[in-house]
Amino acid sequence: MPSPSSKIISMRDAKDIFGKISQTNHYVVSFSALNNAVVNHISRKFGVSDARDFVSRKSGLLCSEAVLPTSGYATAQVKGDFMGIPQEFAHTRLYTDINFTFYVDNDYKNLRIFEGWMDYISSGSNKEVDENTDFYYRRFQYPDTYKVDTMYISKFERDYKNEMVYQFRNAFPKSMTSIPVAYGTADLLKINVTFNYDRYIINPGSYSGSKSNKKPTSKPNNDNPLNKKVTIDDVILNNPTRTIFNEEAYIRERYNLSQ
């Protein structure tokens, strides 16, 4: 195998490489609907009657910071196969928790929803003992009642030609950081929420960029059957990854809609 060597690159090559760097401020976050038990708990205890609609349509727009996920492997070391050379082999894929920062609206609805979601997870004893008593204890709910089926981060560029969609399976809020408040110059109130999930999937069907401009082969898109005239409103309402972000240029290109 030849050794690498240094070489001079032309300005044209440098421009082609460094002129196509992705930017961090083009993304959108969205959630699938909360479980009925979580919605009822938030409504009864925290006074938010439209928690399901708020989470699926508005919380993503209030997300000021997000992170793209990564993963790693737990390994086991094996010695003795080759004298003096230890080897490692992967046996478990590990997923890191992800952090989101949300703006808090002036009626604290976003904050109350996440507090209610967290509170529901450990509210299994609420029907048996009053929370204000000295002998109150915690009992946790079943995971399938508080985890959302899917959560998405869509990372795209300003021309909407290239996109990566990260789909998280069975996500739930694991922790919330404390929120500082202080006298003095006013600032926007934010809350940081850490989510745990079972795994994430990078959705290749949403990636539309290639040199040949060919879209990947996938199952027929039920959102756009041949016998139905599709409008932008139909796409926004029916596409779960786009319900909270009206990206008209992206939608026109992806579904070949006329002006």
# chains A, B, ... in the order shown; residues from 1 in each chain; ligands from 1
call {"tool": "residues_around", "arguments": {"residues": "Leu111 in chain A", "least_positions_apart": "6", "cutoff": "9 Å", "atoms": "only C-alpha atoms", "output": "list in words"}}
result
Phe102, Tyr103, Val104, Asp105 and Ile191 of chain A
call {"tool": "select_by_dssp", "arguments": {"residues": "range 20-54 of chain A", "states": "alpha helix (DSSP H)", "output": "ChimeraX atom specification"}}
result
/A:36-46,51-54
call {"tool": "write_last_selection", "arguments": {"atoms": "all heavy atoms", "output": "short mmCIF file (atom, residue, chain, number, x, y, z; two decimals), in the first residue's frame"}}
result
data_model
loop_
_atom_site.label_atom_id
_atom_site.label_comp_id
_atom_site.auth_asym_id
_atom_site.auth_seq_id
_atom_site.Cartn_x
_atom_site.Cartn_y
_atom_site.Cartn_z
N ASN A 36 -52.00 8.80 25.49
CA ASN A 36 -53.19 9.37 26.14
C ASN A 36 -53.01 9.52 27.64
O ASN A 36 -53.49 10.49 28.24
CB ASN A 36 -54.41 8.50 25.85
CG ASN A 36 -54.91 8.64 24.43
OD1 ASN A 36 -54.67 9.67 23.80
ND2 ASN A 36 -55.58 7.62 23.93
N ALA A 37 -52.34 8.56 28.27
CA ALA A 37 -52.15 8.63 29.71
C ALA A 37 -51.31 9.84 30.10
O ALA A 37 -51.59 10.51 31.10
CB ALA A 37 -51.50 7.34 30.21
N VAL A 38 -50.27 10.13 29.33
CA VAL A 38 -49.43 11.30 29.60
C VAL A 38 -50.22 12.58 29.39
O VAL A 38 -50.17 13.52 30.20
CB VAL A 38 -48.18 11.28 28.70
CG1 VAL A 38 -47.31 12.51 28.97
CG2 VAL A 38 -47.37 10.02 28.93
N VAL A 39 -50.98 12.65 28.30
CA VAL A 39 -51.78 13.84 27.99
C VAL A 39 -52.79 14.10 29.10
O VAL A 39 -52.97 15.24 29.56
CB VAL A 39 -52.48 13.66 26.64
CG1 VAL A 39 -53.47 14.81 26.39
CG2 VAL A 39 -51.45 13.61 25.51
N ASN A 40 -53.47 13.06 29.57
CA ASN A 40 -54.46 13.23 30.63
C ASN A 40 -53.82 13.69 31.94
O ASN A 40 -54.38 14.51 32.66
CB ASN A 40 -55.22 11.92 30.84
CG ASN A 40 -56.07 11.53 29.65
OD1 ASN A 40 -56.47 12.40 28.86
ND2 ASN A 40 -56.36 10.25 29.50
N HIS A 41 -52.65 13.15 32.24
CA HIS A 41 -51.95 13.56 33.46
C HIS A 41 -51.54 15.03 33.39
O HIS A 41 -51.70 15.77 34.38
CB HIS A 41 -50.72 12.67 33.66
CG HIS A 41 -49.94 12.97 34.90
ND1 HIS A 41 -50.29 12.51 36.14
CD2 HIS A 41 -48.80 13.71 35.09
CE1 HIS A 41 -49.43 12.92 37.04
NE2 HIS A 41 -48.51 13.67 36.44
N ILE A 42 -51.01 15.46 32.25
CA ILE A 42 -50.60 16.86 32.09
C ILE A 42 -51.81 17.78 32.18
O ILE A 42 -51.75 18.86 32.80
CB ILE A 42 -49.87 17.04 30.75
CG1 ILE A 42 -48.54 16.26 30.76
CG2 ILE A 42 -49.59 18.52 30.47
CD1 ILE A 42 -47.83 16.25 29.42
N SER A 43 -52.91 17.37 31.59
CA SER A 43 -54.12 18.19 31.62
C SER A 43 -54.68 18.30 33.03
O SER A 43 -55.06 19.39 33.48
CB SER A 43 -55.17 17.60 30.66
OG SER A 43 -56.37 18.32 30.74
N ARG A 44 -54.72 17.19 33.74
CA ARG A 44 -55.34 17.17 35.08
C ARG A 44 -54.49 17.88 36.12
O ARG A 44 -55.00 18.66 36.92
CB ARG A 44 -55.57 15.72 35.49
CG ARG A 44 -56.24 15.56 36.84
CD ARG A 44 -56.49 14.10 37.18
NE ARG A 44 -55.27 13.32 37.26
CZ ARG A 44 -54.83 12.49 36.31
NH1 ARG A 44 -55.54 12.31 35.20
NH2 ARG A 44 -53.70 11.81 36.46
N LYS A 45 -53.18 17.67 36.09
CA LYS A 45 -52.33 18.18 37.16
C LYS A 45 -51.65 19.50 36.82
O LYS A 45 -51.39 20.31 37.72
CB LYS A 45 -51.26 17.13 37.51
CG LYS A 45 -50.43 17.48 38.74
CD LYS A 45 -49.51 16.33 39.12
CE LYS A 45 -48.70 16.70 40.37
NZ LYS A 45 -47.80 15.59 40.78
N PHE A 46 -51.37 19.73 35.52
CA PHE A 46 -50.61 20.93 35.13
C PHE A 46 -51.43 21.91 34.30
O PHE A 46 -50.91 22.94 33.88
CB PHE A 46 -49.34 20.52 34.38
CG PHE A 46 -48.34 19.82 35.25
CD1 PHE A 46 -48.43 18.46 35.48
CD2 PHE A 46 -47.31 20.52 35.85
CE1 PHE A 46 -47.51 17.80 36.29
CE2 PHE A 46 -46.38 19.88 36.66
CZ PHE A 46 -46.49 18.51 36.88
N ALA A 51 -51.93 19.54 25.20
CA ALA A 51 -50.53 19.10 25.24
C ALA A 51 -50.15 18.31 23.99
O ALA A 51 -49.05 18.48 23.45
CB ALA A 51 -50.28 18.26 26.49
N ARG A 52 -51.02 17.43 23.53
CA ARG A 52 -50.70 16.61 22.35
C ARG A 52 -50.45 17.48 21.13
O ARG A 52 -49.46 17.31 20.42
CB ARG A 52 -51.82 15.61 22.08
CG ARG A 52 -51.55 14.76 20.83
CD ARG A 52 -52.68 13.80 20.52
NE ARG A 52 -52.68 12.66 21.43
CZ ARG A 52 -53.58 12.47 22.38
NH1 ARG A 52 -54.55 13.35 22.56
NH2 ARG A 52 -53.52 11.41 23.16
N ASP A 53 -51.33 18.42 20.88
CA ASP A 53 -51.19 19.29 19.71
C ASP A 53 -49.96 20.19 19.86
O ASP A 53 -49.23 20.42 18.89
CB ASP A 53 -52.45 20.13 19.54
CG ASP A 53 -52.37 21.05 18.34
OD1 ASP A 53 -52.46 20.54 17.20
OD2 ASP A 53 -52.22 22.28 18.52
N PHE A 54 -49.71 20.69 21.06
CA PHE A 54 -48.58 21.59 21.28
C PHE A 54 -47.26 20.87 21.03
O PHE A 54 -46.36 21.41 20.38
CB PHE A 54 -48.63 22.15 22.70
CG PHE A 54 -47.65 23.27 22.94
CD1 PHE A 54 -48.04 24.59 22.75
CD2 PHE A 54 -46.36 23.01 23.37
CE1 PHE A 54 -47.14 25.62 22.97
CE2 PHE A 54 -45.46 24.03 23.59
CZ PHE A 54 -45.85 25.35 23.39
#
call {"tool": "residues_around", "arguments": {"residues": "range 120-128 of chain A", "least_positions_apart": "5", "cutoff": "6 Å", "atoms": "only C-alpha atoms", "output": "PDB file with N, CA and C atoms, in the first residue's frame"}}
result
ATOM      1  N   ARG A 138     -42.513   6.668  45.484  1.00  0.00           N
ATOM      2  CA  ARG A 138     -42.598   6.689  44.028  1.00  0.00           C
ATOM      3  C   ARG A 138     -42.817   5.285  43.485  1.00  0.00           C
ATOM      4  N   ARG A 139     -43.681   5.194  42.498  1.00  0.00           N
ATOM      5  CA  ARG A 139     -43.854   3.963  41.727  1.00  0.00           C
ATOM      6  C   ARG A 139     -43.880   4.361  40.253  1.00  0.00           C
ATOM      7  N   PHE A 140     -43.135   3.647  39.444  1.00  0.00           N
ATOM      8  CA  PHE A 140     -42.939   4.078  38.065  1.00  0.00           C
ATOM      9  C   PHE A 140     -43.929   3.395  37.112  1.00  0.00           C
ATOM     10  N   GLN A 141     -44.269   4.155  36.076  1.00  0.00           N
ATOM     11  CA  GLN A 141     -45.203   3.666  35.067  1.00  0.00           C
ATOM     12  C   GLN A 141     -44.496   2.723  34.105  1.00  0.00           C
TER      13      GLN A 141
END
call {"tool": "closest_residue", "arguments": {"among": "A:Ser178, A:Asn196, A:Asn25, A:Thr101", "to": "Ser64 in chain A", "atoms": "only C-alpha atoms"}}
result
A:Thr101
call {"tool": "select_by_dssp", "arguments": {"residues": "range 14-43 of chain A", "states": "strand (DSSP E)", "output": "count of residues only"}}
result
5
call {"tool": "closest_atom_pairs", "arguments": {"of": "range 150-178 of chain A", "to": "range 75-95 of chain A", "cutoff": "12 Å", "atoms": "only C-alpha atoms", "output": "Markdown table"}}
result
| residue | atom | partner | partner_atom | distance |
| --- | --- | --- | --- | --- |
| A:Phe168 | CA | A:Tyr95 | CA | 10.6 |
| A:Arg169 | CA | A:Tyr95 | CA | 11.6 |
| A:Ala171 | CA | A:Tyr95 | CA | 12.0 |
call {"tool": "write_last_selection", "arguments": {"atoms": "all heavy atoms", "output": "short mmCIF file (atom, residue, chain, number, x, y, z; two decimals), in the first residue's frame"}}
result
data_model
loop_
_atom_site.label_atom_id
_atom_site.label_comp_id
_atom_site.auth_asym_id
_atom_site.auth_seq_id
_atom_site.Cartn_x
_atom_site.Cartn_y
_atom_site.Cartn_z
N PHE A 168 -35.72 8.73 15.99
CA PHE A 168 -35.46 8.11 17.29
C PHE A 168 -36.65 7.26 17.68
O PHE A 168 -37.80 7.70 17.63
CB PHE A 168 -35.22 9.18 18.35
CG PHE A 168 -34.08 10.11 18.03
CD1 PHE A 168 -34.30 11.27 17.31
CD2 PHE A 168 -32.80 9.81 18.42
CE1 PHE A 168 -33.27 12.13 17.00
CE2 PHE A 168 -31.74 10.65 18.11
CZ PHE A 168 -31.98 11.81 17.40
N ARG A 169 -36.37 6.05 18.10
CA ARG A 169 -37.43 5.13 18.49
C ARG A 169 -37.55 5.09 20.01
O ARG A 169 -36.57 4.96 20.73
CB ARG A 169 -37.13 3.73 17.96
CG ARG A 169 -37.03 3.64 16.44
CD ARG A 169 -38.38 3.81 15.78
NE ARG A 169 -39.33 2.80 16.24
CZ ARG A 169 -40.60 2.76 15.85
NH1 ARG A 169 -41.07 3.68 15.03
NH2 ARG A 169 -41.39 1.80 16.31
N ALA A 171 -38.55 7.30 22.54
CA ALA A 171 -37.84 8.35 23.28
C ALA A 171 -38.67 8.85 24.45
O ALA A 171 -39.90 8.82 24.44
CB ALA A 171 -37.51 9.50 22.34
#
call {"tool": "atom_distance", "arguments": {"atom1": "CA of Gly47 in chain A", "atom2": "CA of Asp97 in chain A"}}
result
29.1 Å
